[in-house]
>>> print(open('query_0.cif').read())   # mmCIF, C-alpha atoms and all ligand atoms; chains and numbers go by the auth columns
data_coords
#
loop_
_atom_site.group_PDB
_atom_site.id
_atom_site.type_symbol
_atom_site.label_atom_id
_atom_site.label_comp_id
_atom_site.label_asym_id
_atom_site.label_seq_id
_atom_site.Cartn_x
_atom_site.Cartn_y
_atom_site.Cartn_z
_atom_site.B_iso_or_equiv
_atom_site.auth_seq_id
_atom_site.auth_asym_id
ATOM 1 C CA MET A 1 15.662 -15.549 133.716 0.00 19 L
ATOM 2 C CA SER A 2 18.974 -17.165 132.831 0.00 20 L
ATOM 3 C CA THR A 3 18.951 -20.936 132.470 0.00 21 L
ATOM 4 C CA VAL A 4 22.020 -21.258 134.689 0.00 22 L
ATOM 5 C CA GLN A 5 21.420 -21.200 138.423 0.00 23 L
ATOM 6 C CA GLY A 6 23.723 -19.278 140.711 0.00 24 L
ATOM 7 C CA ARG A 7 26.496 -18.383 138.259 0.00 25 L
ATOM 8 C CA LEU A 8 27.005 -16.013 135.373 0.00 26 L
ATOM 9 C CA ARG A 9 28.388 -17.334 132.113 0.00 27 L
ATOM 10 C CA ILE A 10 30.664 -15.573 129.658 0.00 28 L
ATOM 11 C CA ALA A 11 31.106 -17.134 126.197 0.00 29 L
ATOM 12 C CA VAL A 12 34.556 -16.840 124.641 0.00 30 L
ATOM 13 C CA GLN A 13 36.181 -18.347 121.573 0.00 31 L
ATOM 14 C CA LYS A 14 37.904 -21.576 122.538 0.00 32 L
ATOM 15 C CA SER A 15 40.789 -21.259 120.120 0.00 33 L
ATOM 16 C CA GLY A 16 41.463 -18.897 117.271 0.00 34 L
ATOM 17 C CA ARG A 17 42.210 -15.261 116.662 0.00 35 L
ATOM 18 C CA LEU A 18 40.072 -13.875 119.504 0.00 36 L
ATOM 19 C CA ALA A 19 40.760 -16.522 122.163 0.00 37 L
ATOM 20 C CA ASP A 20 43.842 -15.106 123.908 0.00 38 L
ATOM 21 C CA ARG A 21 42.777 -11.462 123.840 0.00 39 L
ATOM 22 C CA SER A 22 39.346 -12.382 125.199 0.00 40 L
ATOM 23 C CA LEU A 23 40.862 -14.169 128.188 0.00 41 L
ATOM 24 C CA ASP A 24 43.354 -11.312 128.697 0.00 42 L
ATOM 25 C CA LEU A 25 40.476 -8.842 128.956 0.00 43 L
ATOM 26 C CA ILE A 26 38.572 -11.021 131.417 0.00 44 L
ATOM 27 C CA ARG A 27 41.722 -11.503 133.511 0.00 45 L
ATOM 28 C CA ASP A 28 42.478 -7.772 133.458 0.00 46 L
ATOM 29 C CA ALA A 29 38.920 -7.170 134.681 0.00 47 L
ATOM 30 C CA GLY A 30 39.900 -9.084 137.824 0.00 48 L
ATOM 31 C CA LEU A 31 38.609 -12.602 137.234 0.00 49 L
ATOM 32 C CA LYS A 32 40.819 -15.545 138.189 0.00 50 L
ATOM 33 C CA TRP A 33 40.543 -19.166 137.142 0.00 51 L
ATOM 34 C CA VAL A 34 42.650 -22.272 136.916 0.00 52 L
ATOM 35 C CA LYS A 35 42.571 -24.422 133.832 0.00 53 L
ATOM 36 C CA GLY A 36 41.029 -27.670 134.999 0.00 54 L
ATOM 37 C CA HIS A 37 40.103 -30.918 133.334 0.00 55 L
ATOM 38 C CA ASN A 38 37.087 -29.322 131.805 0.00 56 L
ATOM 39 C CA ASP A 39 38.173 -27.772 128.562 0.00 57 L
ATOM 40 C CA LEU A 40 34.726 -26.410 127.738 0.00 58 L
ATOM 41 C CA LEU A 41 34.160 -24.567 131.002 0.00 59 L
ATOM 42 C CA TYR A 42 36.662 -22.541 133.039 0.00 60 L
ATOM 43 C CA ARG A 43 35.424 -21.973 136.559 0.00 61 L
ATOM 44 C CA VAL A 44 36.225 -18.514 137.900 0.00 62 L
ATOM 45 C CA GLU A 45 37.450 -18.827 141.488 0.00 63 L
ATOM 46 C CA ASN A 46 36.828 -15.380 142.882 0.00 64 L
ATOM 47 C CA TYR A 47 33.290 -14.814 141.524 0.00 65 L
ATOM 48 C CA PRO A 48 30.317 -17.038 140.672 0.00 66 L
ATOM 49 C CA ILE A 49 31.155 -16.934 136.975 0.00 67 L
ATOM 50 C CA ASP A 50 32.017 -19.608 134.394 0.00 68 L
ATOM 51 C CA LEU A 51 33.758 -19.055 131.079 0.00 69 L
ATOM 52 C CA LEU A 52 32.215 -21.147 128.338 0.00 70 L
ATOM 53 C CA ARG A 53 34.768 -21.864 125.593 0.00 71 L
ATOM 54 C CA VAL A 54 33.130 -22.518 122.227 0.00 72 L
ATOM 55 C CA ARG A 55 33.351 -21.943 118.455 0.00 73 L
ATOM 56 C CA ASP A 56 32.931 -18.239 117.773 0.00 74 L
ATOM 57 C CA ASP A 57 29.970 -18.957 115.480 0.00 75 L
ATOM 58 C CA ASP A 58 27.987 -20.316 118.444 0.00 76 L
ATOM 59 C CA ILE A 59 28.521 -17.287 120.672 0.00 77 L
ATOM 60 C CA PRO A 60 25.754 -14.969 119.340 0.00 78 L
ATOM 61 C CA THR A 61 23.119 -17.699 119.708 0.00 79 L
ATOM 62 C CA PHE A 62 24.232 -18.695 123.208 0.00 80 L
ATOM 63 C CA VAL A 63 24.040 -15.075 124.328 0.00 81 L
ATOM 64 C CA ALA A 64 20.771 -14.351 122.486 0.00 82 L
ATOM 65 C CA ASP A 65 19.163 -17.396 124.105 0.00 83 L
ATOM 66 C CA GLY A 66 20.387 -16.527 127.613 0.00 84 L
ATOM 67 C CA VAL A 67 22.554 -19.640 127.872 0.00 85 L
ATOM 68 C CA CYS A 68 25.360 -17.121 128.418 0.00 86 L
ATOM 69 C CA ASP A 69 24.995 -13.660 129.936 0.00 87 L
ATOM 70 C CA LEU A 70 27.912 -12.088 128.089 0.00 88 L
ATOM 71 C CA GLY A 71 30.056 -13.024 125.120 0.00 89 L
ATOM 72 C CA ILE A 72 33.024 -11.809 123.127 0.00 90 L
ATOM 73 C CA VAL A 73 32.757 -12.155 119.362 0.00 91 L
ATOM 74 C CA GLY A 74 33.632 -10.416 116.100 0.00 92 L
ATOM 75 C CA GLU A 75 31.042 -7.986 114.710 0.00 93 L
ATOM 76 C CA ASN A 76 31.204 -9.949 111.454 0.00 94 L
ATOM 77 C CA VAL A 77 29.995 -13.115 113.194 0.00 95 L
ATOM 78 C CA LEU A 78 27.383 -11.211 115.203 0.00 96 L
ATOM 79 C CA GLU A 79 25.962 -9.538 112.079 0.00 97 L
ATOM 80 C CA GLU A 80 25.906 -12.733 110.053 0.00 98 L
ATOM 81 C CA GLY A 81 24.125 -14.555 112.886 0.00 99 L
ATOM 82 C CA ARG A 82 21.339 -11.986 113.315 0.00 100 L
ATOM 83 C CA ASN A 83 17.840 -13.320 112.847 0.00 101 L
ATOM 84 C CA GLY A 84 14.258 -12.287 113.423 0.00 102 L
ATOM 85 C CA GLY A 85 14.265 -13.345 117.074 0.00 103 L
ATOM 86 C CA ALA A 86 15.705 -11.689 120.167 0.00 104 L
ATOM 87 C CA ASN A 87 19.316 -10.803 119.571 0.00 105 L
ATOM 88 C CA ALA A 88 22.302 -10.123 121.763 0.00 106 L
ATOM 89 C CA SER A 89 23.075 -6.428 122.129 0.00 107 L
ATOM 90 C CA VAL A 90 26.496 -4.857 121.766 0.00 108 L
ATOM 91 C CA VAL A 91 27.785 -3.455 125.052 0.00 109 L
ATOM 92 C CA MET A 92 31.025 -2.030 123.651 0.00 110 L
ATOM 93 C CA PRO A 93 33.713 -2.491 121.032 0.00 111 L
ATOM 94 C CA LEU A 94 36.871 -4.033 122.470 0.00 112 L
ATOM 95 C CA GLY A 95 39.596 -2.696 120.208 0.00 113 L
ATOM 96 C CA PHE A 96 41.058 -6.027 119.067 0.00 114 L
ATOM 97 C CA GLY A 97 40.310 -8.553 116.334 0.00 115 L
ATOM 98 C CA ARG A 98 40.070 -5.752 113.799 0.00 116 L
ATOM 99 C CA CYS A 99 39.479 -6.751 110.214 0.00 117 L
ATOM 100 C CA THR A 100 37.485 -5.607 107.189 0.00 118 L
ATOM 101 C CA LEU A 101 35.038 -7.588 105.120 0.00 119 L
ATOM 102 C CA LYS A 102 35.917 -6.590 101.575 0.00 120 L
ATOM 103 C CA ILE A 103 35.007 -7.263 98.005 0.00 121 L
ATOM 104 C CA ALA A 104 38.128 -8.542 96.232 0.00 122 L
ATOM 105 C CA THR A 105 38.585 -9.236 92.557 0.00 123 L
ATOM 106 C CA PRO A 106 41.157 -10.705 90.173 0.00 124 L
ATOM 107 C CA PRO A 107 42.904 -8.266 87.801 0.00 125 L
ATOM 108 C CA THR A 108 40.961 -9.705 84.868 0.00 126 L
ATOM 109 C CA LEU A 109 37.707 -8.283 86.228 0.00 127 L
ATOM 110 C CA ALA A 110 36.998 -4.627 85.488 0.00 128 L
ATOM 111 C CA TYR A 111 35.703 -3.208 88.772 0.00 129 L
ATOM 112 C CA ASP A 112 34.578 0.375 89.314 0.00 130 L
ATOM 113 C CA SER A 113 31.852 -0.005 91.907 0.00 131 L
ATOM 114 C CA PRO A 114 29.570 -2.704 93.350 0.00 132 L
ATOM 115 C CA ALA A 115 27.474 -2.369 90.156 0.00 133 L
ATOM 116 C CA SER A 116 30.372 -4.089 88.353 0.00 134 L
ATOM 117 C CA LEU A 117 29.321 -7.276 90.179 0.00 135 L
ATOM 118 C CA ASP A 118 25.903 -7.324 88.510 0.00 136 L
ATOM 119 C CA GLY A 119 25.132 -10.761 87.086 0.00 137 L
ATOM 120 C CA LEU A 120 28.307 -12.330 88.514 0.00 138 L
ATOM 121 C CA ARG A 121 28.984 -14.985 91.144 0.00 139 L
ATOM 122 C CA ILE A 122 30.630 -13.967 94.397 0.00 140 L
ATOM 123 C CA ALA A 123 32.093 -16.444 96.896 0.00 141 L
ATOM 124 C CA THR A 124 31.880 -15.658 100.624 0.00 142 L
ATOM 125 C CA SER A 125 31.452 -17.080 104.122 0.00 143 L
ATOM 126 C CA TYR A 126 29.152 -14.137 104.895 0.00 144 L
ATOM 127 C CA PRO A 127 26.116 -14.560 102.606 0.00 145 L
ATOM 128 C CA LYS A 128 23.675 -12.539 104.714 0.00 146 L
ATOM 129 C CA ILE A 129 25.927 -9.512 105.123 0.00 147 L
ATOM 130 C CA LEU A 130 26.897 -9.609 101.457 0.00 148 L
ATOM 131 C CA ARG A 131 23.287 -9.975 100.299 0.00 149 L
ATOM 132 C CA ARG A 132 22.286 -6.918 102.301 0.00 150 L
ATOM 133 C CA PHE A 133 25.201 -4.933 100.870 0.00 151 L
ATOM 134 C CA LEU A 134 24.213 -5.895 97.313 0.00 152 L
ATOM 135 C CA ASP A 135 20.485 -5.319 97.859 0.00 153 L
ATOM 136 C CA GLU A 136 21.108 -1.848 99.305 0.00 154 L
ATOM 137 C CA ARG A 137 22.923 -0.997 96.072 0.00 155 L
ATOM 138 C CA GLY A 138 20.464 -2.695 93.742 0.00 156 L
ATOM 139 C CA VAL A 139 23.073 -5.200 92.568 0.00 157 L
ATOM 140 C CA LYS A 140 21.835 -8.608 91.430 0.00 158 L
ATOM 141 C CA ALA A 141 24.532 -11.237 91.864 0.00 159 L
ATOM 142 C CA ASP A 142 24.731 -14.909 92.806 0.00 160 L
ATOM 143 C CA ILE A 143 26.331 -15.773 96.121 0.00 161 L
ATOM 144 C CA VAL A 144 28.320 -18.981 96.543 0.00 162 L
ATOM 145 C CA VAL A 145 28.819 -19.894 100.190 0.00 163 L
ATOM 146 C CA MET A 146 32.244 -21.256 101.109 0.00 164 L
ATOM 147 C CA ARG A 147 33.167 -21.997 104.708 0.00 165 L
ATOM 148 C CA GLY A 148 36.890 -21.532 104.114 0.00 166 L
ATOM 149 C CA ALA A 149 39.507 -20.957 101.418 0.00 167 L
ATOM 150 C CA VAL A 150 37.287 -18.325 99.824 0.00 168 L
ATOM 151 C CA GLU A 151 40.347 -16.714 98.258 0.00 169 L
ATOM 152 C CA VAL A 152 40.863 -19.638 95.863 0.00 170 L
ATOM 153 C CA ALA A 153 37.366 -19.336 94.335 0.00 171 L
ATOM 154 C CA PRO A 154 38.284 -17.031 91.413 0.00 172 L
ATOM 155 C CA ARG A 155 41.267 -19.203 90.449 0.00 173 L
ATOM 156 C CA LEU A 156 39.056 -22.297 90.428 0.00 174 L
ATOM 157 C CA LYS A 157 36.423 -20.390 88.417 0.00 175 L
ATOM 158 C CA LEU A 158 33.948 -20.989 91.228 0.00 176 L
ATOM 159 C CA ALA A 159 33.245 -17.278 91.354 0.00 177 L
ATOM 160 C CA ALA A 160 34.248 -14.071 89.587 0.00 178 L
ATOM 161 C CA ALA A 161 34.904 -12.206 92.827 0.00 179 L
ATOM 162 C CA ILE A 162 35.009 -12.818 96.565 0.00 180 L
ATOM 163 C CA CYS A 163 33.854 -11.112 99.736 0.00 181 L
ATOM 164 C CA ASP A 164 36.194 -12.038 102.592 0.00 182 L
ATOM 165 C CA LEU A 165 37.823 -10.758 105.757 0.00 183 L
ATOM 166 C CA VAL A 166 41.091 -8.948 105.318 0.00 184 L
ATOM 167 C CA SER A 167 43.559 -7.869 107.967 0.00 185 L
ATOM 168 C CA THR A 168 47.093 -7.537 106.578 0.00 186 L
ATOM 169 C CA GLY A 169 46.063 -8.165 102.967 0.00 187 L
ATOM 170 C CA ALA A 170 48.705 -10.888 102.579 0.00 188 L
ATOM 171 C CA THR A 171 46.164 -13.590 101.708 0.00 189 L
ATOM 172 C CA LEU A 172 44.613 -11.515 98.928 0.00 190 L
ATOM 173 C CA GLU A 173 48.020 -10.630 97.562 0.00 191 L
ATOM 174 C CA ALA A 174 49.205 -14.252 97.619 0.00 192 L
ATOM 175 C CA ASN A 175 46.153 -15.146 95.551 0.00 193 L
ATOM 176 C CA GLY A 176 46.484 -12.319 93.079 0.00 194 L
ATOM 177 C CA LEU A 177 43.337 -10.539 94.270 0.00 195 L
ATOM 178 C CA GLY A 178 42.856 -6.827 94.799 0.00 196 L
ATOM 179 C CA ALA A 179 40.794 -5.369 97.658 0.00 197 L
ATOM 180 C CA LYS A 180 37.893 -3.208 96.446 0.00 198 L
ATOM 181 C CA ASP A 181 34.857 -1.905 98.348 0.00 199 L
ATOM 182 C CA THR A 182 34.439 -2.358 102.094 0.00 200 L
ATOM 183 C CA VAL A 183 31.345 -4.300 103.106 0.00 201 L
ATOM 184 C CA LEU A 184 31.852 -4.191 106.904 0.00 202 L
ATOM 185 C CA GLU A 185 34.457 -2.911 109.360 0.00 203 L
ATOM 186 C CA SER A 186 34.748 -5.332 112.242 0.00 204 L
ATOM 187 C CA GLN A 187 36.357 -5.782 115.628 0.00 205 L
ATOM 188 C CA ALA A 188 35.657 -7.878 118.691 0.00 206 L
ATOM 189 C CA VAL A 189 32.700 -6.662 120.737 0.00 207 L
ATOM 190 C CA LEU A 190 31.294 -7.481 124.151 0.00 208 L
ATOM 191 C CA ILE A 191 27.715 -8.660 123.749 0.00 209 L
ATOM 192 C CA GLN A 192 25.002 -9.027 126.372 0.00 210 L
ATOM 193 C CA SER A 193 21.976 -11.261 126.571 0.00 211 L
ATOM 194 C CA PRO A 194 18.434 -9.860 126.288 0.00 212 L
ATOM 195 C CA VAL A 195 17.607 -12.409 129.007 0.00 213 L
ATOM 196 C CA ALA A 196 18.239 -10.903 132.467 0.00 214 L
ATOM 197 C CA PRO A 197 20.309 -12.961 134.903 0.00 215 L
ATOM 198 C CA GLU A 198 18.706 -14.071 138.122 0.00 216 L
ATOM 199 C CA PRO A 199 18.258 -10.956 140.290 0.00 217 L
ATOM 200 C CA ALA A 200 21.001 -11.881 142.749 0.00 218 L
ATOM 201 C CA LEU A 201 23.553 -11.814 139.914 0.00 219 L
ATOM 202 C CA GLN A 202 22.505 -8.539 138.278 0.00 220 L
ATOM 203 C CA HIS A 203 24.848 -6.408 140.346 0.00 221 L
ATOM 204 C CA LEU A 204 27.797 -8.685 139.585 0.00 222 L
ATOM 205 C CA LEU A 205 26.967 -8.574 135.872 0.00 223 L
ATOM 206 C CA ASP A 206 26.875 -4.762 135.915 0.00 224 L
ATOM 207 C CA SER A 207 30.154 -4.540 137.790 0.00 225 L
ATOM 208 C CA ILE A 208 31.937 -6.966 135.431 0.00 226 L
ATOM 209 C CA ILE A 209 30.805 -4.873 132.451 0.00 227 L
ATOM 210 C CA GLU A 210 32.000 -1.721 134.215 0.00 228 L
ATOM 211 C CA ARG A 211 35.410 -3.210 134.887 0.00 229 L
ATOM 212 C CA MET A 212 35.809 -4.481 131.349 0.00 230 L
ATOM 213 C CA SER A 213 34.899 -1.013 130.155 0.00 231 L
ATOM 214 C CA GLY A 214 37.621 0.412 132.425 0.00 232 L
ATOM 215 C CA VAL A 215 40.190 -2.003 131.008 0.00 233 L
ATOM 216 C CA VAL A 216 39.234 -1.190 127.416 0.00 234 L
ATOM 217 C CA SER A 217 39.326 2.588 127.896 0.00 235 L
ATOM 218 C CA SER A 218 42.679 2.374 129.708 0.00 236 L
ATOM 219 C CA GLN A 219 44.039 0.655 126.602 0.00 237 L
ATOM 220 C CA GLY A 220 42.994 3.681 124.544 0.00 238 L
HETATM 221 O O1 LIG B . 37.012 -22.206 115.351 0.00 301 L
HETATM 222 P P1 LIG B . 36.206 -20.960 115.315 0.00 301 L
HETATM 223 O O2 LIG B . 34.944 -21.078 114.481 0.00 301 L
HETATM 224 O O3 LIG B . 35.971 -20.420 116.686 0.00 301 L
HETATM 225 O O4 LIG B . 37.158 -19.871 114.617 0.00 301 L
HETATM 226 P P2 LIG B . 37.164 -19.309 113.128 0.00 301 L
HETATM 227 O O5 LIG B . 38.129 -20.104 112.342 0.00 301 L
HETATM 228 O O6 LIG B . 35.784 -19.126 112.595 0.00 301 L
HETATM 229 O O7 LIG B . 37.669 -17.813 113.345 0.00 301 L
HETATM 230 P P3 LIG B . 39.134 -17.207 113.513 0.00 301 L
HETATM 231 O O8 LIG B . 39.743 -17.622 114.800 0.00 301 L
HETATM 232 O O9 LIG B . 39.939 -17.361 112.270 0.00 301 L
HETATM 233 O O10 LIG B . 38.717 -15.667 113.581 0.00 301 L
HETATM 234 C C1 LIG B . 37.920 -15.204 114.614 0.00 301 L
HETATM 235 C C2 LIG B . 37.566 -13.758 114.345 0.00 301 L
HETATM 236 O O11 LIG B . 38.771 -12.979 114.224 0.00 301 L
HETATM 237 C C3 LIG B . 36.858 -13.476 113.034 0.00 301 L
HETATM 238 O O12 LIG B . 35.470 -13.783 113.074 0.00 301 L
HETATM 239 C C4 LIG B . 37.102 -11.983 112.877 0.00 301 L
HETATM 240 O O13 LIG B . 36.194 -11.246 113.667 0.00 301 L
HETATM 241 C C5 LIG B . 38.514 -11.801 113.467 0.00 301 L
HETATM 242 N N1 LIG B . 39.576 -11.652 112.458 0.00 301 L
HETATM 243 C C6 LIG B . 40.493 -10.661 112.462 0.00 301 L
HETATM 244 C C7 LIG B . 39.828 -12.422 111.388 0.00 301 L
HETATM 245 C C8 LIG B . 40.916 -11.876 110.724 0.00 301 L
HETATM 246 N N2 LIG B . 41.313 -10.780 111.428 0.00 301 L
HETATM 247 C C9 LIG B . 41.420 -12.501 109.540 0.00 301 L
HETATM 248 N N3 LIG B . 42.378 -12.016 108.939 0.00 301 L
HETATM 249 N N4 LIG B . 39.243 -13.559 110.920 0.00 301 L
HETATM 250 C C10 LIG B . 39.729 -14.155 109.827 0.00 301 L
HETATM 251 N N5 LIG B . 40.781 -13.679 109.112 0.00 301 L
HETATM 252 C C11 LIG B . 41.213 -14.498 107.935 0.00 301 L
HETATM 253 C C12 LIG B . 40.472 -14.156 106.643 0.00 301 L
HETATM 254 O O14 LIG B . 39.256 -14.892 106.565 0.00 301 L
HETATM 255 C C13 LIG B . 41.453 -14.566 105.566 0.00 301 L
HETATM 256 O O15 LIG B . 41.395 -15.952 105.337 0.00 301 L
HETATM 257 O O16 LIG B . 42.565 -14.303 107.639 0.00 301 L
HETATM 258 C C14 LIG B . 42.767 -14.260 106.235 0.00 301 L
HETATM 259 C C15 LIG B . 43.201 -12.885 105.792 0.00 301 L
HETATM 260 O O17 LIG B . 44.200 -12.379 106.637 0.00 301 L
HETATM 261 P P4 LIG B . 45.330 -11.420 106.014 0.00 301 L
HETATM 262 O O18 LIG B . 46.125 -10.971 107.198 0.00 301 L
HETATM 263 O O19 LIG B . 46.138 -12.271 105.079 0.00 301 L
HETATM 264 O O20 LIG B . 44.633 -10.275 105.335 0.00 301 L
HETATM 265 ZN ZN ZN B . 34.068 -19.600 113.385 0.00 302 L
#
>>> encode(input="query_0.cif", output="structure tokens")
Amino acid sequence: MSTVQGRLRIAVQKSGRLADRSLDLIRDAGLKWVKGHNDLLYRVENYPIDLLRVRDDDIPTFVADGVCDLGIVGENVLEEGRNGGANASVVMPLGFGRCTLKIATPPTLAYDSPASLDGLRIATSYPKILRRFLDERGVKADIVVMRGAVEVAPRLKLAAAICDLVSTGATLEANGLGAKDTVLESQAVLIQSPVAPEPALQHLLDSIIERMSGVVSSQG
């Protein structure tokens, strides 16, 4: 049973690329709240629901552990956060926050396929996803984990290539890097906890998911 008594919790990114669209979706699904003093928690007025506003990286764990019943997060973050334990399940893709995790290389590196990375160092914020991609292709490469500014790694000779999220491609271009193979296509997804809410809240949970689904399909 959920650790929170009497109210459902939805985890959303506090600030960043997914924050506004996540709240728009929840509002369009019929939930109303006023921004109070509490920056971490928005209390929904017309249902027993709270919105927990956190770093996106924390959302998969909160939902997997049942601290939150639902969450909105990028597939890239969900995949990277997967572990051996109980995981959050994807209810549906939401159609925003689209980006692609790509291998990108400087022009000085001859790249034909992932095999070209054999024996090289690759910088990324997504070591688990990248490792799986390389392993599936039998490529042996070193992975250097960088939490940000991955695109500068080749210039600083920290790595021969990078694996980073791309949306417009402007960041790669500004750093003289070319996009190569796709490692993961990503968008924001609604995720649900493997931990059931208390029975009195199950119907509300189902109906919130149904309404969000209606909003998403009406947006085509
Ligand atoms: O503070 P918090 O941890 O919550 O936020 P964050 O800084 O980790 O994430 P944030 O807000 O930057 O992104 C949240 C989610 O948005 C990501 O996990 C992705 O699912 C999605 N998303 C969509 C993106 C991008 N597009 C994107 N372009 N996340 C990051 N980028 C970065 C990319 O890493 C690169 O630095 O933007 C740059 C490339 O953009 P272009 O347009 O130049 O190609
Ligand atoms: Zn983050």
>>> atom_distance(input="query_0.cif", atom1="CA of Glu97 (chain L)", atom2="CA of Lys146 (chain L)")
8.3 Å
>>> closest_atom_pairs(input="query_0.cif", of="region 119-237 of chain L", to="region 53-65 of chain L", cutoff="12 Å", atoms="all atoms listed in the file", output="JSON lines")
{"residue": "L:Leu219", "atom": "CA", "partner": "L:Tyr65", "partner_atom": "CA", "distance": 10.3}
{"residue": "L:His221", "atom": "CA", "partner": "L:Tyr65", "partner_atom": "CA", "distance": 12.0}
{"residue": "L:Leu222", "atom": "CA", "partner": "L:Tyr65", "partner_atom": "CA", "distance": 8.5}
{"residue": "L:Leu223", "atom": "CA", "partner": "L:Tyr65", "partner_atom": "CA", "distance": 10.5}
{"residue": "L:Ser225", "atom": "CA", "partner": "L:Tyr65", "partner_atom": "CA", "distance": 11.4}
{"residue": "L:Ile226", "atom": "CA", "partner": "L:Tyr65", "partner_atom": "CA", "distance": 10.0}
>>> closest_residue(input="query_0.cif", among="L:Val162, L:Leu43, L:Leu96, L:Ala104", to="ligand ZN 302 (chain L)", atoms="all atoms listed in the file")
L:Leu96
>>> axis_aligned_box(input="query_0.cif", around="region 26-41 of chain L", padding_each_side="8 Å", output="lines of an AutoDock Vina configuration file")
center_x = 35.4
center_y = -16.5
center_z = 126.0
size_x = 32.8
size_y = 26.1
size_z = 34.7
>>> closest_residue(input="query_0.cif", among="L:Ser134, L:Asp224, L:Thr118, L:Ser143", to="Val201 (chain L)", atoms="only C-alpha atoms")
L:Thr118
>>> resolve_selection(input="query_0.cif", expression="the PyMOL selection byres (((not hetatm)) within 6 of (chain L and resi 301))", output="list in words")
Gln31, Ser33, Gly34, Arg35, Leu36, Arg73, Asp74, Asp75, Gly92, Asn94, Val95, Gly115, Arg116, Cys117, Asp182, Leu183, Val184, Ser185, Thr186, Gly187, Ala188, Thr189 and Gln205 of chain L
>>> residues_around(input="query_0.cif", residues="Ile121 (chain L)", least_positions_apart="3", cutoff="8 Å", atoms="only C-alpha atoms", output="ChimeraX atom specification")
/L:179-182,197-201
>>> residues_around(input="query_0.cif", residues="Pro124 (chain L)", least_positions_apart="5", cutoff="7 Å", atoms="only C-alpha atoms", output="list of chain:residue names")
L:Ala179, L:Gly194, L:Leu195, L:Gly196
>>> closest_residue(input="query_0.cif", among="L:Leu69, L:Gly166, L:Asp87, L:Gly24", to="ligand ZN 302 (chain L)", atoms="all atoms listed in the file")
L:Gly166
>>> atom_distance(input="query_0.cif", atom1="CA of Gly156 (chain L)", atom2="CA of Lys175 (chain L)")
24.4 Å
>>> resolve_selection(input="query_0.cif", expression="the PyMOL selection byres (((chain L and resi 168) around 7) and not hetatm)", output="PDB file with C-alpha atoms, keeping the file's coordinate frame")
ATOM      1  CA  ALA L 141      32.093 -16.444  96.896  1.00  0.00           C
ATOM      2  CA  THR L 142      31.880 -15.658 100.624  1.00  0.00           C
ATOM      3  CA  MET L 164      32.244 -21.256 101.109  1.00  0.00           C
ATOM      4  CA  GLY L 166      36.890 -21.532 104.114  1.00  0.00           C
ATOM      5  CA  ALA L 167      39.507 -20.957 101.418  1.00  0.00           C
ATOM      6  CA  GLU L 169      40.347 -16.714  98.258  1.00  0.00           C
ATOM      7  CA  VAL L 170      40.863 -19.638  95.863  1.00  0.00           C
ATOM      8  CA  ALA L 171      37.366 -19.336  94.335  1.00  0.00           C
ATOM      9  CA  ILE L 180      35.009 -12.818  96.565  1.00  0.00           C
ATOM     10  CA  ASP L 182      36.194 -12.038 102.592  1.00  0.00           C
TER      11      ASP L 182
END
>>> atom_distance(input="query_0.cif", atom1="CA of Ile161 (chain L)", atom2="CA of Arg149 (chain L)")
7.8 Å
>>> closest_residue(input="query_0.cif", among="L:Lys32, L:Lys120, L:Arg45, L:Arg100", to="ligand ZN 302 (chain L)", atoms="all atoms listed in the file")
L:Lys32
>>> closest_residue(input="query_0.cif", among="L:Pro215, L:Gly113, L:Leu152, L:Val72", to="ligand ZN 302 (chain L)", atoms="all atoms listed in the file")
L:Val72
>>> resolve_selection(input="query_0.cif", expression="the PyMOL selection byres (((chain L and resi 159) around 6) and not hetatm)", output="JSON, numbers by chain")
{"L": [136, 137, 138, 139, 158, 160]}
>>> closest_residue(input="query_0.cif", among="L:Asp130, L:Val213, L:Ala37, L:Ile28", to="Leu49 (chain L)", atoms="only C-alpha atoms")
L:Ile28
>>> residues_around(input="query_0.cif", residues="Pro111 (chain L)", least_positions_apart="5", cutoff="7 Å", atoms="all atoms listed in the file", output="PyMOL selection string")
chain L and resi 205-208
>>> residues_near_point(input="query_0.cif", point="(21.9, -16.4, 124.1)", cutoff="10 Å", atoms="only C-alpha atoms", output="ChimeraX atom specification")
/L:20-21,29,76-89,104-106,209-213
>>> build_atoms(input="query_0.cif", residues="region 211-218 of chain L", atoms="N, CA and C atoms", output="PDB file, keeping the file's coordinate frame")
ATOM      1  N   SER L 211      23.223 -10.558 126.825  1.00  0.00           N
ATOM      2  CA  SER L 211      21.976 -11.261 126.571  1.00  0.00           C
ATOM      3  C   SER L 211      20.760 -10.368 126.812  1.00  0.00           C
ATOM      4  N   PRO L 212      19.697 -10.536 125.991  1.00  0.00           N
ATOM      5  CA  PRO L 212      18.434  -9.860 126.288  1.00  0.00           C
ATOM      6  C   PRO L 212      17.719 -10.508 127.472  1.00  0.00           C
ATOM      7  N   VAL L 213      18.202 -11.693 127.871  1.00  0.00           N
ATOM      8  CA  VAL L 213      17.607 -12.409 129.007  1.00  0.00           C
ATOM      9  C   VAL L 213      18.337 -11.963 130.278  1.00  0.00           C
ATOM     10  N   ALA L 214      17.604 -11.388 131.230  1.00  0.00           N
ATOM     11  CA  ALA L 214      18.239 -10.903 132.467  1.00  0.00           C
ATOM     12  C   ALA L 214      18.747 -12.082 133.291  1.00  0.00           C
ATOM     13  N   PRO L 215      19.849 -11.890 134.016  1.00  0.00           N
ATOM     14  CA  PRO L 215      20.309 -12.961 134.903  1.00  0.00           C
ATOM     15  C   PRO L 215      19.359 -13.049 136.094  1.00  0.00           C
ATOM     16  N   GLU L 216      19.534 -14.052 136.923  1.00  0.00           N
ATOM     17  CA  GLU L 216      18.706 -14.071 138.122  1.00  0.00           C
ATOM     18  C   GLU L 216      19.068 -12.835 138.947  1.00  0.00           C
ATOM     19  N   PRO L 217      18.070 -12.271 139.659  1.00  0.00           N
ATOM     20  CA  PRO L 217      18.258 -10.956 140.290  1.00  0.00           C
ATOM     21  C   PRO L 217      19.507 -10.867 141.171  1.00  0.00           C
ATOM     22  N   ALA L 218      19.844 -11.921 141.855  1.00  0.00           N
ATOM     23  CA  ALA L 218      21.001 -11.881 142.749  1.00  0.00           C
ATOM     24  C   ALA L 218      22.318 -11.680 141.996  1.00  0.00           C
TER      25      ALA L 218
END
